[in-house]
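For reference, data.txt (compact mmCIF, C-alpha atoms and all ligand atoms):
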# COMPACT_ATOMS: atom_id res chain seq x y z
CA MET A 1 22.44 -9.49 -23.21
CA GLU A 2 25.36 -7.23 -23.90
CA THR A 3 27.90 -6.72 -21.14
CA SER A 4 31.16 -4.88 -21.01
CA SER A 5 34.42 -5.98 -19.50
CA LEU A 6 36.12 -2.99 -18.03
CA ASN A 7 38.99 -3.46 -15.65
CA ILE A 8 37.84 -1.44 -12.69
CA LYS A 9 39.56 -1.03 -9.37
CA THR A 10 37.01 -0.94 -6.60
CA SER A 11 38.61 -2.44 -3.52
CA ASP A 12 39.93 0.79 -2.03
CA ASN A 13 37.23 3.11 -3.38
CA TRP A 14 40.22 4.60 -5.12
CA ALA A 15 41.47 5.88 -1.76
CA LEU A 16 39.15 8.86 -2.15
CA PHE A 17 36.48 8.00 0.34
CA LYS A 18 37.21 7.43 3.99
CA HIS A 19 34.37 5.00 4.40
CA THR A 20 32.64 2.62 2.05
CA GLU A 21 29.05 2.96 3.20
CA ARG A 22 26.44 4.35 0.88
CA PRO A 23 26.21 7.13 -0.01
CA LEU A 24 29.76 8.02 -0.94
CA LEU A 25 29.63 11.79 -0.84
CA LEU A 26 31.20 14.46 -3.01
CA ALA A 27 30.26 18.11 -2.64
CA GLY A 28 31.40 21.59 -3.43
CA PRO A 29 30.47 24.62 -5.46
CA CYS A 30 29.54 24.47 -9.11
CA SER A 31 32.41 26.92 -9.69
CA ALA A 32 35.39 28.04 -7.68
CA GLU A 33 34.89 31.81 -7.55
CA SER A 34 37.49 33.11 -5.13
CA GLU A 35 40.00 31.70 -2.69
CA GLU A 36 37.85 32.79 0.25
CA GLN A 37 34.73 31.15 -1.15
CA VAL A 38 36.57 27.89 -1.87
CA LEU A 39 38.20 27.72 1.56
CA ALA A 40 35.05 28.69 3.45
CA THR A 41 32.91 26.16 1.56
CA ALA A 42 35.44 23.40 2.08
CA SER A 43 35.75 24.13 5.79
CA ARG A 44 31.97 24.10 6.28
CA LEU A 45 31.64 20.92 4.23
CA GLN A 46 34.36 19.25 6.21
CA LYS A 47 32.45 20.05 9.40
CA ILE A 48 29.45 18.12 8.13
CA GLY A 49 31.58 15.10 7.32
CA ILE A 50 32.29 15.56 3.62
CA ASN A 51 35.82 14.60 2.70
CA VAL A 52 35.74 14.80 -1.08
CA PHE A 53 35.52 18.32 -2.49
CA ARG A 54 34.51 19.39 -5.99
CA ALA A 55 34.79 22.78 -7.69
CA GLY A 56 34.64 23.63 -11.39
CA LEU A 57 37.53 25.76 -12.67
CA TRP A 58 36.90 25.67 -16.41
CA LYS A 59 33.14 26.02 -16.89
CA PRO A 60 31.45 24.86 -20.07
CA ARG A 61 28.71 27.47 -20.40
CA THR A 62 25.87 27.03 -22.86
CA ARG A 63 25.81 30.68 -23.93
CA PRO A 64 28.74 33.09 -24.30
CA ASN A 65 29.34 36.04 -21.97
CA CYS A 66 28.64 34.02 -18.82
CA PHE A 67 31.14 33.38 -16.06
CA GLU A 68 33.50 30.82 -17.58
CA GLY A 69 35.40 29.88 -14.46
CA VAL A 70 38.57 31.16 -12.86
CA GLY A 71 40.75 28.63 -14.74
CA GLU A 72 44.21 27.59 -13.63
CA LYS A 73 44.56 30.00 -10.77
CA GLY A 74 41.89 28.05 -8.87
CA LEU A 75 44.18 25.00 -8.73
CA LYS A 76 46.17 26.68 -5.95
CA TRP A 77 42.95 27.09 -3.94
CA LEU A 78 42.15 23.41 -4.33
CA VAL A 79 45.64 22.49 -3.19
CA LYS A 80 45.06 24.66 -0.12
CA VAL A 81 41.87 22.72 0.60
CA GLN A 82 43.89 19.51 0.47
CA ARG A 83 46.44 20.94 2.85
CA LEU A 84 44.22 22.83 5.27
CA GLN A 85 41.18 20.55 5.41
CA GLY A 86 42.77 17.24 4.53
CA MET A 87 40.10 16.76 1.88
CA LYS A 88 40.46 15.08 -1.50
CA VAL A 89 39.82 17.56 -4.30
CA GLY A 90 38.68 17.29 -7.89
CA THR A 91 37.67 19.37 -10.85
CA GLU A 92 36.27 19.03 -14.37
CA VAL A 93 38.65 18.59 -17.28
CA ALA A 94 37.70 19.07 -20.91
CA ASN A 95 41.03 18.94 -22.76
CA SER A 96 44.65 17.85 -22.39
CA HIS A 97 45.76 21.24 -21.13
CA HIS A 98 43.34 21.00 -18.20
CA VAL A 99 44.56 17.48 -17.45
CA GLU A 100 48.22 18.47 -17.50
CA GLU A 101 47.63 21.40 -15.16
CA CYS A 102 45.65 19.24 -12.73
CA LEU A 103 48.30 16.51 -12.72
CA LYS A 104 51.04 19.07 -12.13
CA ALA A 105 49.11 20.59 -9.24
CA GLY A 106 48.45 17.18 -7.65
CA ILE A 107 44.65 17.23 -7.84
CA ASP A 108 43.20 13.97 -6.42
CA PHE A 109 40.49 13.17 -8.95
CA LEU A 110 39.01 14.48 -12.18
CA TRP A 111 35.63 14.40 -13.78
CA ILE A 112 34.53 14.68 -17.36
CA GLY A 113 31.51 16.88 -17.94
CA ALA A 114 28.36 15.94 -19.83
CA ARG A 115 29.17 18.07 -22.87
CA THR A 116 32.64 16.55 -23.11
CA THR A 117 31.51 12.93 -22.75
CA ALA A 118 29.38 13.53 -25.83
CA ASN A 119 32.53 14.22 -27.86
CA PRO A 120 34.77 11.19 -28.49
CA PHE A 121 37.62 13.37 -29.85
CA ALA A 122 37.78 15.31 -26.60
CA VAL A 123 37.51 12.16 -24.48
CA GLN A 124 40.32 10.51 -26.47
CA GLU A 125 42.49 13.60 -26.07
CA ILE A 126 41.91 13.53 -22.31
CA ALA A 127 42.60 9.80 -22.18
CA GLU A 128 45.90 10.21 -24.04
CA SER A 129 47.08 12.83 -21.59
CA LEU A 130 46.20 10.50 -18.70
CA ARG A 131 48.17 7.54 -20.06
CA GLY A 132 50.55 6.22 -17.43
CA THR A 133 48.61 7.65 -14.48
CA ASP A 134 45.82 6.03 -12.49
CA ILE A 135 44.09 9.09 -11.11
CA PRO A 136 40.38 8.47 -10.36
CA VAL A 137 38.15 9.78 -13.15
CA LEU A 138 34.39 10.16 -12.89
CA VAL A 139 32.54 10.30 -16.17
CA LYS A 140 29.27 12.19 -16.35
CA ASN A 141 26.68 10.89 -18.77
CA PRO A 142 26.58 12.61 -22.17
CA ILE A 143 23.88 15.27 -22.49
CA ASN A 144 22.01 13.09 -24.96
CA PRO A 145 20.58 9.78 -23.71
CA ASP A 146 23.13 7.56 -25.44
CA ILE A 147 24.45 4.80 -23.22
CA GLU A 148 27.03 3.70 -25.81
CA LEU A 149 28.64 7.14 -25.75
CA TRP A 150 28.85 7.01 -21.96
CA LEU A 151 30.30 3.51 -22.05
CA GLY A 152 32.64 4.54 -24.87
CA ALA A 153 34.14 7.31 -22.75
CA LEU A 154 34.71 4.89 -19.86
CA GLU A 155 36.32 2.40 -22.25
CA ARG A 156 38.63 5.04 -23.76
CA LEU A 157 39.89 5.88 -20.28
CA ASN A 158 40.19 2.25 -19.26
CA LEU A 159 42.20 1.47 -22.42
CA VAL A 160 44.94 3.94 -21.45
CA GLY A 161 45.17 2.34 -18.02
CA ILE A 162 42.71 4.23 -15.83
CA SER A 163 41.16 1.64 -13.53
CA ARG A 164 39.77 4.00 -10.90
CA LEU A 165 36.61 4.85 -12.79
CA GLY A 166 33.16 5.94 -11.75
CA ALA A 167 30.07 7.22 -13.54
CA ILE A 168 27.95 10.23 -12.61
CA HIS A 169 24.33 10.39 -13.64
CA ARG A 170 23.34 14.02 -14.19
CA GLY A 171 20.28 13.56 -16.39
CA PHE A 172 19.68 14.18 -20.08
CA SER A 173 18.81 17.32 -22.03
CA ALA A 174 15.33 17.74 -23.47
CA TYR A 175 13.80 20.40 -25.62
CA ASN A 176 10.68 20.51 -23.53
CA ASN A 177 11.29 21.55 -20.00
CA LEU A 178 9.63 19.18 -17.62
CA LYS A 179 9.70 19.48 -13.87
CA TYR A 180 13.44 18.86 -13.81
CA ARG A 181 16.21 20.63 -15.68
CA ASN A 182 17.45 17.31 -17.08
CA MET A 183 15.41 14.15 -17.56
CA PRO A 184 16.58 11.40 -15.21
CA GLN A 185 15.77 8.45 -17.52
CA TRP A 186 16.85 6.19 -14.66
CA GLN A 187 16.90 3.11 -16.83
CA ILE A 188 20.07 4.34 -18.57
CA PRO A 189 22.40 4.52 -15.55
CA ILE A 190 20.85 1.30 -14.26
CA GLU A 191 21.62 -0.41 -17.55
CA LEU A 192 25.18 0.95 -17.39
CA LYS A 193 25.58 -0.59 -13.96
CA ARG A 194 24.10 -3.84 -15.21
CA ARG A 195 26.68 -3.96 -17.97
CA ILE A 196 29.62 -3.01 -15.70
CA LYS A 197 28.72 -4.39 -12.30
CA THR A 198 31.85 -3.12 -10.58
CA LEU A 199 31.41 0.49 -11.72
CA PRO A 200 30.69 2.90 -8.86
CA LEU A 201 27.63 4.91 -9.79
CA PHE A 202 26.98 8.43 -8.51
CA CYS A 203 23.93 10.61 -8.87
CA ASP A 204 24.14 14.39 -9.31
CA PRO A 205 20.72 15.61 -8.12
CA SER A 206 21.76 19.26 -8.50
CA HIS A 207 22.09 19.02 -12.27
CA ILE A 208 19.14 16.67 -12.70
CA GLY A 209 16.75 18.85 -10.71
CA GLY A 210 18.08 22.29 -11.59
CA LYS A 211 16.45 23.61 -8.41
CA ARG A 212 17.62 23.05 -4.85
CA GLU A 213 14.16 21.98 -3.66
CA TYR A 214 14.37 18.85 -5.81
CA ILE A 215 17.73 17.65 -4.49
CA GLN A 216 16.25 15.65 -1.61
CA GLU A 217 13.75 13.66 -3.66
CA ILE A 218 16.20 12.92 -6.46
CA ALA A 219 18.94 11.89 -4.05
CA GLN A 220 16.46 9.60 -2.27
CA LYS A 221 15.37 8.08 -5.55
CA SER A 222 18.95 7.33 -6.51
CA MET A 223 19.56 5.67 -3.16
CA ASP A 224 16.43 3.57 -3.62
CA LEU A 225 17.78 2.51 -6.98
CA GLY A 226 21.02 1.34 -5.42
CA PHE A 227 23.39 4.13 -6.51
CA ASP A 228 26.68 4.18 -4.64
CA GLY A 229 27.11 7.88 -4.11
CA LEU A 230 26.06 11.47 -4.61
CA MET A 231 27.71 14.55 -6.05
CA ILE A 232 25.89 17.64 -4.79
CA GLU A 233 26.64 21.28 -5.50
CA SER A 234 27.14 23.32 -2.36
CA HIS A 235 27.93 27.02 -2.00
CA THR A 236 28.29 29.32 0.99
CA SER A 237 25.73 31.75 -0.52
CA PRO A 238 23.88 29.78 -3.17
CA GLU A 239 21.78 32.73 -4.41
CA GLN A 240 24.95 34.67 -5.18
CA ALA A 241 26.69 31.84 -7.02
CA LEU A 242 28.16 32.81 -10.39
CA SER A 243 26.89 29.62 -12.00
CA ASP A 244 24.01 27.24 -11.26
CA ALA A 245 22.75 29.46 -8.43
CA ARG A 246 19.33 27.80 -8.25
CA GLN A 247 20.57 24.29 -7.71
CA GLN A 248 23.15 24.78 -4.97
CA VAL A 249 22.63 24.44 -1.23
CA THR A 250 24.59 25.65 1.77
CA PRO A 251 26.69 23.03 3.54
CA GLU A 252 24.19 23.14 6.42
CA THR A 253 21.24 22.44 4.11
CA LEU A 254 23.27 19.64 2.59
CA GLU A 255 23.70 18.17 6.04
CA GLN A 256 19.91 18.16 6.47
CA ILE A 257 19.45 16.51 3.09
CA ILE A 258 21.91 13.76 3.99
CA GLU A 259 20.30 13.25 7.39
CA HIS A 260 16.89 12.84 5.81
CA LEU A 261 18.02 10.20 3.35
CA VAL A 262 16.65 6.77 4.02
CA ILE A 263 19.23 4.20 3.01
CA ARG A 264 17.51 0.90 2.43
CA THR A 265 19.57 -2.21 2.26
CA THR A 266 17.50 -3.71 -0.53
CA GLN A 267 17.83 -2.63 -4.12
CA ALA A 268 14.83 -0.86 -5.54
CA GLN A 269 12.13 -2.84 -7.19
CA ALA A 270 12.65 -3.12 -10.92
CA ASP A 271 8.92 -2.66 -11.41
CA ASP A 272 8.93 0.66 -9.67
CA MET A 273 11.68 1.86 -11.96
CA VAL A 274 9.88 0.73 -15.07
CA ILE A 275 6.74 2.64 -14.06
CA GLU A 276 8.80 5.70 -13.19
CA ASP A 277 10.41 5.64 -16.60
CA LEU A 278 7.14 5.12 -18.45
CA ARG A 279 5.54 8.01 -16.55
CA GLU A 280 8.43 10.23 -17.41
CA ARG A 281 7.95 9.42 -21.08
CA ILE A 282 4.21 10.04 -20.85
CA ASP A 283 4.82 13.44 -19.22
CA TYR A 284 7.25 14.29 -21.97
CA LEU A 285 4.75 13.36 -24.68
CA ASP A 286 1.91 15.24 -22.96
CA ASN A 287 4.12 18.28 -22.91
CA THR A 288 4.79 17.84 -26.60
CA ILE A 289 1.04 17.67 -27.28
CA MET A 290 0.54 20.85 -25.25
CA GLU A 291 3.32 22.67 -27.09
CA THR A 292 1.87 21.63 -30.41
CA LEU A 293 -1.56 22.88 -29.40
CA VAL A 294 -0.11 26.22 -28.33
CA SER A 295 1.77 26.54 -31.64
CA ARG A 296 -1.36 25.60 -33.57
CA MET A 297 -3.42 28.26 -31.80
CA LYS A 298 -0.77 30.84 -32.64
CA VAL A 299 -1.09 30.01 -36.31
CA ILE A 300 -4.90 30.20 -35.97
CA GLU A 301 -4.40 33.69 -34.59
CA GLU A 302 -2.42 34.69 -37.68
CA ILE A 303 -4.81 33.08 -40.14
CA GLY A 304 -7.75 34.74 -38.37
CA GLN A 305 -6.15 38.17 -38.73
CA TYR A 306 -5.32 37.46 -42.36
CA LYS A 307 -8.84 36.31 -43.23
CA LYS A 308 -10.22 39.39 -41.53
CA SER A 309 -7.95 41.71 -43.53
CA LYS A 310 -8.94 40.00 -46.80
CA ASN A 311 -12.55 39.63 -45.82
CA LEU A 312 -12.45 35.85 -46.34
CA SER A 313 -14.94 33.48 -44.75
CA ILE A 314 -13.79 31.65 -41.66
CA PHE A 315 -15.14 28.21 -42.33
CA GLN A 316 -13.98 26.63 -45.54
CA PRO A 317 -15.67 23.20 -45.80
CA GLU A 318 -13.35 21.67 -48.39
CA ARG A 319 -10.28 22.59 -46.27
CA TRP A 320 -11.82 20.99 -43.15
CA GLU A 321 -12.81 17.92 -45.18
CA LYS A 322 -9.19 17.56 -46.30
CA ILE A 323 -7.82 17.82 -42.74
CA LEU A 324 -10.29 15.28 -41.42
CA THR A 325 -9.64 12.80 -44.24
CA HIS A 326 -5.91 13.15 -43.69
CA VAL A 327 -5.97 12.54 -39.94
CA THR A 328 -8.44 9.65 -40.06
CA GLU A 329 -6.33 8.04 -42.77
CA GLU A 330 -3.22 8.47 -40.56
CA ALA A 331 -5.15 6.96 -37.66
CA ARG A 332 -6.09 3.94 -39.76
CA LYS A 333 -2.49 3.43 -40.92
CA ASN A 334 -1.20 3.64 -37.32
CA ASN A 335 -3.90 1.48 -35.77
CA LEU A 336 -5.35 4.33 -33.72
CA PRO A 337 -9.12 4.34 -33.15
CA GLN A 338 -10.43 6.58 -35.95
CA GLU A 339 -13.32 7.70 -33.81
CA LEU A 340 -10.94 9.02 -31.14
CA VAL A 341 -8.86 10.97 -33.65
CA GLU A 342 -12.00 12.38 -35.24
CA ARG A 343 -13.29 13.56 -31.85
CA ILE A 344 -9.99 15.22 -30.95
CA PHE A 345 -9.69 17.03 -34.26
CA LYS A 346 -13.32 18.12 -34.27
CA ALA A 347 -12.72 19.73 -30.86
CA ILE A 348 -9.53 21.42 -32.05
CA HIS A 349 -11.24 22.61 -35.21
CA GLN A 350 -14.17 23.98 -33.25
CA ALA A 351 -11.79 25.92 -30.98
CA SER A 352 -10.10 27.38 -34.08
CA ILE A 353 -13.41 28.47 -35.59
CA ASP A 354 -14.45 30.03 -32.26
CA ARG A 355 -11.22 31.97 -31.97
CA GLN A 356 -11.39 33.19 -35.57
CA THR A 357 -14.95 34.30 -35.04
CA GLU A 358 -13.79 36.33 -32.03
CA ILE A 359 -11.07 37.91 -34.16
CA MET A 360 -13.62 38.85 -36.89
CA ASN A 361 -15.73 40.58 -34.27
CA GLU A 362 -12.90 42.40 -32.55
C1 LIG B 1 29.12 20.74 -13.20
O1 LIG B 1 29.28 19.69 -12.57
O2 LIG B 1 29.13 21.85 -12.69
C2 LIG B 1 28.80 20.64 -14.64
C3 LIG B 1 29.12 21.56 -15.52
O3 LIG B 1 28.07 19.55 -14.88
P1 LIG B 1 27.51 18.88 -16.23
O4 LIG B 1 28.71 18.51 -17.04
O5 LIG B 1 26.79 17.72 -15.68
O6 LIG B 1 26.62 19.89 -16.91
MN MN B 2 27.08 23.15 -12.13
Mind converting the file's structure to structure tokens?
Ligand code: PEP
Ligand code: MN
Amino acid sequence: METSSLNIKTSDNWALFKHTERPLLLAGPCSAESEEQVLATASRLQKIGINVFRAGLWKPRTRPNCFEGVGEKGLKWLVKVQRLQGMKVGTEVANSHHVEECLKAGIDFLWIGARTTANPFAVQEIAESLRGTDIPVLVKNPINPDIELWLGALERLNLVGISRLGAIHRGFSAYNNLKYRNMPQWQIPIELKRRIKTLPLFCDPSHIGGKREYIQEIAQKSMDLGFDGLMIESHTSPEQALSDARQQVTPETLEQIIEHLVIRTTQAQADDMVIEDLRERIDYLDNTIMETLVSRMKVIEEIGQYKKSKNLSIFQPERWEKILTHVTEEARKNNLPQELVERIFKAIHQASIDRQTEIMNE
């Protein structure tokens, strides 16, 4: 089986974390919004025992005209957190300019966001501007479920001399929204860890879940799977946050979440993970079937209206014959029971006829 030989420094937990017990904890707001918000969040987080603070300054937003972060001026706020709270601070970098500003300001660690990890040009640019330093860098998984891309980003950083590396699992984008904002696909981070055994692995339940009520269960799952740490978004007034408002928790709620975590000494059962993954894929496919059915019924709606306007008959036997022949032939080619496919399509066809009949009589 493929493995990767990255030179990773692990002995001191890169001098970021005061203790080495699981979970290593990182928390802070999705975005730094104001000096007051940053300082107040950091102070409340420090009270609950967090000593590594995160806040996004340059925000990669999916759509334009959203809050895109406060940019450079937030660096001063992070430096104040270092000074006033004695916390280690980090932010997301997406290009060499960001890196240079962070290095100048003396930021303790950096992370690369999911959208950036997906772009090797950007990762290489970041790596080049980090050459000669050994600042800790955490690499989020790319938005698409491509382990090679994730590994590639870690390798690019390692090749310029960064040995204080970690990976953050924040889930993968999907067209169909399932329960979570991003699909966990746990087998991918687990495989990454298998390939690079010394790589500290963090879970970001805020971005996986997309809603604060899921943070607990996702964090627990990651602990059961043997993850080393957690990065959780925390805001003094989550509902008012300028980005990712639904997935942030107050420092006090975060304390509860941490208290409720059960940290087992054994690694999770591989079997459990396999089932979890298979179920996730089944849910995804069921959703796809549902979406297809909805789309099909919409077309039926249109065809019903059209037939009505042209006074055409609803049931056209030769058309139905053609559909049925096509799907049973596909079933045969793909080794699906033909009888099953026939039953499903007969039911769908019947529903279409019923709906068109309703339209005719409307
Ligand atoms: C974030 O951490 O706020 C962020 C933008 O995350 P991601 O890159 O995982 O979307
Ligand atoms: Mn966020």
So that I can check the surroundings of Ile289 in chain A, please list as a list in words every protein, DNA and RNA residue that reaches within 12 Å of it, counting all atoms listed in the file and ignoring chain neighbours fewer than 6 positions away. Asn176, Ile282, Asp283, Ser295, Arg296 and Ile344 of chain A
Could you check how far CA of Ile8 in chain A sits from atom O1 of ligand LIG 1 (chain B), in Å to one decimal? 22.8 Å
Please identify all protein, DNA and RNA residues within 8 Å of ligand MN 2 (chain B), counting all atoms listed in the file, and report them as a list in words.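 Taking all atoms listed in the file into account, the residues around ligand MN 2 (chain B) at most 8 Å away are Pro29, Cys30, Ser31, Gly56, Ser206, His207, Glu233, Ser243, Asp244 and Gln247 of chain A.
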Keeping C-alpha atoms for every residue in the selection just given, could you write it to a file as a tab-separated table (two decimals), keeping the file's coordinate frame?
chain	number	residue	atom	x	y	z
A	29	PRO	CA	30.47	24.62	-5.46
A	30	CYS	CA	29.54	24.47	-9.11
A	31	SER	CA	32.41	26.92	-9.69
A	56	GLY	CA	34.64	23.63	-11.39
A	206	SER	CA	21.76	19.26	-8.50
A	207	HIS	CA	22.09	19.02	-12.27
A	233	GLU	CA	26.64	21.28	-5.50
A	243	SER	CA	26.89	29.62	-12.00
A	244	ASP	CA	24.01	27.24	-11.26
A	247	GLN	CA	20.57	24.29	-7.71
Any chance you could tabulate, as JSON lines, the residues of chain A at most 10 Å from ligand LIG 1 (chain B) with each one's nearest atom pair and distance in Å to one decimal, using all atoms listed in the file, in chain and rising number order?
{"residue": "A:Gly28", "atom": "CA", "partner": "B:LIG1", "partner_atom": "O2", "distance": 9.5}
{"residue": "A:Pro29", "atom": "CA", "partner": "B:LIG1", "partner_atom": "O2", "distance": 7.9}
{"residue": "A:Cys30", "atom": "CA", "partner": "B:LIG1", "partner_atom": "O2", "distance": 4.5}
{"residue": "A:Ser31", "atom": "CA", "partner": "B:LIG1", "partner_atom": "O2", "distance": 6.7}
{"residue": "A:Arg54", "atom": "CA", "partner": "B:LIG1", "partner_atom": "O1", "distance": 8.4}
{"residue": "A:Ala55", "atom": "CA", "partner": "B:LIG1", "partner_atom": "O2", "distance": 7.6}
{"residue": "A:Gly56", "atom": "CA", "partner": "B:LIG1", "partner_atom": "O2", "distance": 5.9}
{"residue": "A:Leu57", "atom": "CA", "partner": "B:LIG1", "partner_atom": "O2", "distance": 9.3}
{"residue": "A:Trp58", "atom": "CA", "partner": "B:LIG1", "partner_atom": "C3", "distance": 8.8}
{"residue": "A:Lys59", "atom": "CA", "partner": "B:LIG1", "partner_atom": "C3", "distance": 6.2}
{"residue": "A:Pro60", "atom": "CA", "partner": "B:LIG1", "partner_atom": "C3", "distance": 6.1}
{"residue": "A:Arg61", "atom": "CA", "partner": "B:LIG1", "partner_atom": "C3", "distance": 7.7}
{"residue": "A:Thr62", "atom": "CA", "partner": "B:LIG1", "partner_atom": "O6", "distance": 9.3}
{"residue": "A:Thr91", "atom": "CA", "partner": "B:LIG1", "partner_atom": "O1", "distance": 8.6}
{"residue": "A:Glu92", "atom": "CA", "partner": "B:LIG1", "partner_atom": "O1", "distance": 7.2}
{"residue": "A:Val93", "atom": "CA", "partner": "B:LIG1", "partner_atom": "O4", "distance": 9.9}
{"residue": "A:Ala94", "atom": "CA", "partner": "B:LIG1", "partner_atom": "O4", "distance": 9.8}
{"residue": "A:Trp111", "atom": "CA", "partner": "B:LIG1", "partner_atom": "O1", "distance": 8.4}
{"residue": "A:Ile112", "atom": "CA", "partner": "B:LIG1", "partner_atom": "O4", "distance": 7.0}
{"residue": "A:Gly113", "atom": "CA", "partner": "B:LIG1", "partner_atom": "O4", "distance": 3.4}
{"residue": "A:Ala114", "atom": "CA", "partner": "B:LIG1", "partner_atom": "O4", "distance": 3.8}
{"residue": "A:Arg115", "atom": "CA", "partner": "B:LIG1", "partner_atom": "O4", "distance": 5.9}
{"residue": "A:Thr116", "atom": "CA", "partner": "B:LIG1", "partner_atom": "O4", "distance": 7.5}
{"residue": "A:Thr117", "atom": "CA", "partner": "B:LIG1", "partner_atom": "O4", "distance": 8.5}
{"residue": "A:Val139", "atom": "CA", "partner": "B:LIG1", "partner_atom": "O4", "distance": 9.1}
{"residue": "A:Lys140", "atom": "CA", "partner": "B:LIG1", "partner_atom": "O5", "distance": 6.1}
{"residue": "A:Asn141", "atom": "CA", "partner": "B:LIG1", "partner_atom": "O5", "distance": 7.5}
{"residue": "A:Pro142", "atom": "CA", "partner": "B:LIG1", "partner_atom": "O4", "distance": 8.1}
{"residue": "A:Ile143", "atom": "CA", "partner": "B:LIG1", "partner_atom": "O6", "distance": 7.7}
{"residue": "A:Ile168", "atom": "CA", "partner": "B:LIG1", "partner_atom": "O5", "distance": 8.2}
{"residue": "A:His169", "atom": "CA", "partner": "B:LIG1", "partner_atom": "O5", "distance": 8.0}
{"residue": "A:Arg170", "atom": "CA", "partner": "B:LIG1", "partner_atom": "O5", "distance": 5.3}
{"residue": "A:Gly171", "atom": "CA", "partner": "B:LIG1", "partner_atom": "O5", "distance": 7.8}
{"residue": "A:Phe172", "atom": "CA", "partner": "B:LIG1", "partner_atom": "O5", "distance": 9.1}
{"residue": "A:Ser173", "atom": "CA", "partner": "B:LIG1", "partner_atom": "O6", "distance": 9.7}
{"residue": "A:Asn182", "atom": "CA", "partner": "B:LIG1", "partner_atom": "O5", "distance": 9.5}
{"residue": "A:Asp204", "atom": "CA", "partner": "B:LIG1", "partner_atom": "O5", "distance": 7.7}
{"residue": "A:Pro205", "atom": "CA", "partner": "B:LIG1", "partner_atom": "O5", "distance": 9.9}
{"residue": "A:Ser206", "atom": "CA", "partner": "B:LIG1", "partner_atom": "O1", "distance": 8.6}
{"residue": "A:His207", "atom": "CA", "partner": "B:LIG1", "partner_atom": "O5", "distance": 6.0}
{"residue": "A:Ile208", "atom": "CA", "partner": "B:LIG1", "partner_atom": "O5", "distance": 8.3}
{"residue": "A:Met231", "atom": "CA", "partner": "B:LIG1", "partner_atom": "O1", "distance": 8.4}
{"residue": "A:Ile232", "atom": "CA", "partner": "B:LIG1", "partner_atom": "O1", "distance": 8.7}
{"residue": "A:Glu233", "atom": "CA", "partner": "B:LIG1", "partner_atom": "O2", "distance": 7.6}
{"residue": "A:Ser243", "atom": "CA", "partner": "B:LIG1", "partner_atom": "O2", "distance": 8.1}
{"residue": "A:Asp244", "atom": "CA", "partner": "B:LIG1", "partner_atom": "O2", "distance": 7.6}
CA of Thr41 in chain A to CA of Asp134 in chain A: how many Å, to one decimal?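 A separation of 27.7 Å between them.
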Which is closer to Asp354 in chain A than all the others in A:Glu255, A:Glu128, A:Glu21, A:Glu301, using only C-alpha atoms?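 Ranking A:Glu255, A:Glu128, A:Glu21, A:Glu301 by distance to Asp354 in chain A, first place goes to A:Glu301.
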Can you pull out every residue within 9 Å of Gln216 in chain A, counting all atoms listed in the file, but drop anything in the same chain fewer than 3 positions away, and send it as a list in words?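 Using all atoms listed in the file, the neighbours found are Pro205, Arg212, Glu213, Ala219, Gln220, Lys221, Ile257, Ile258, His260 and Leu261 of chain A.
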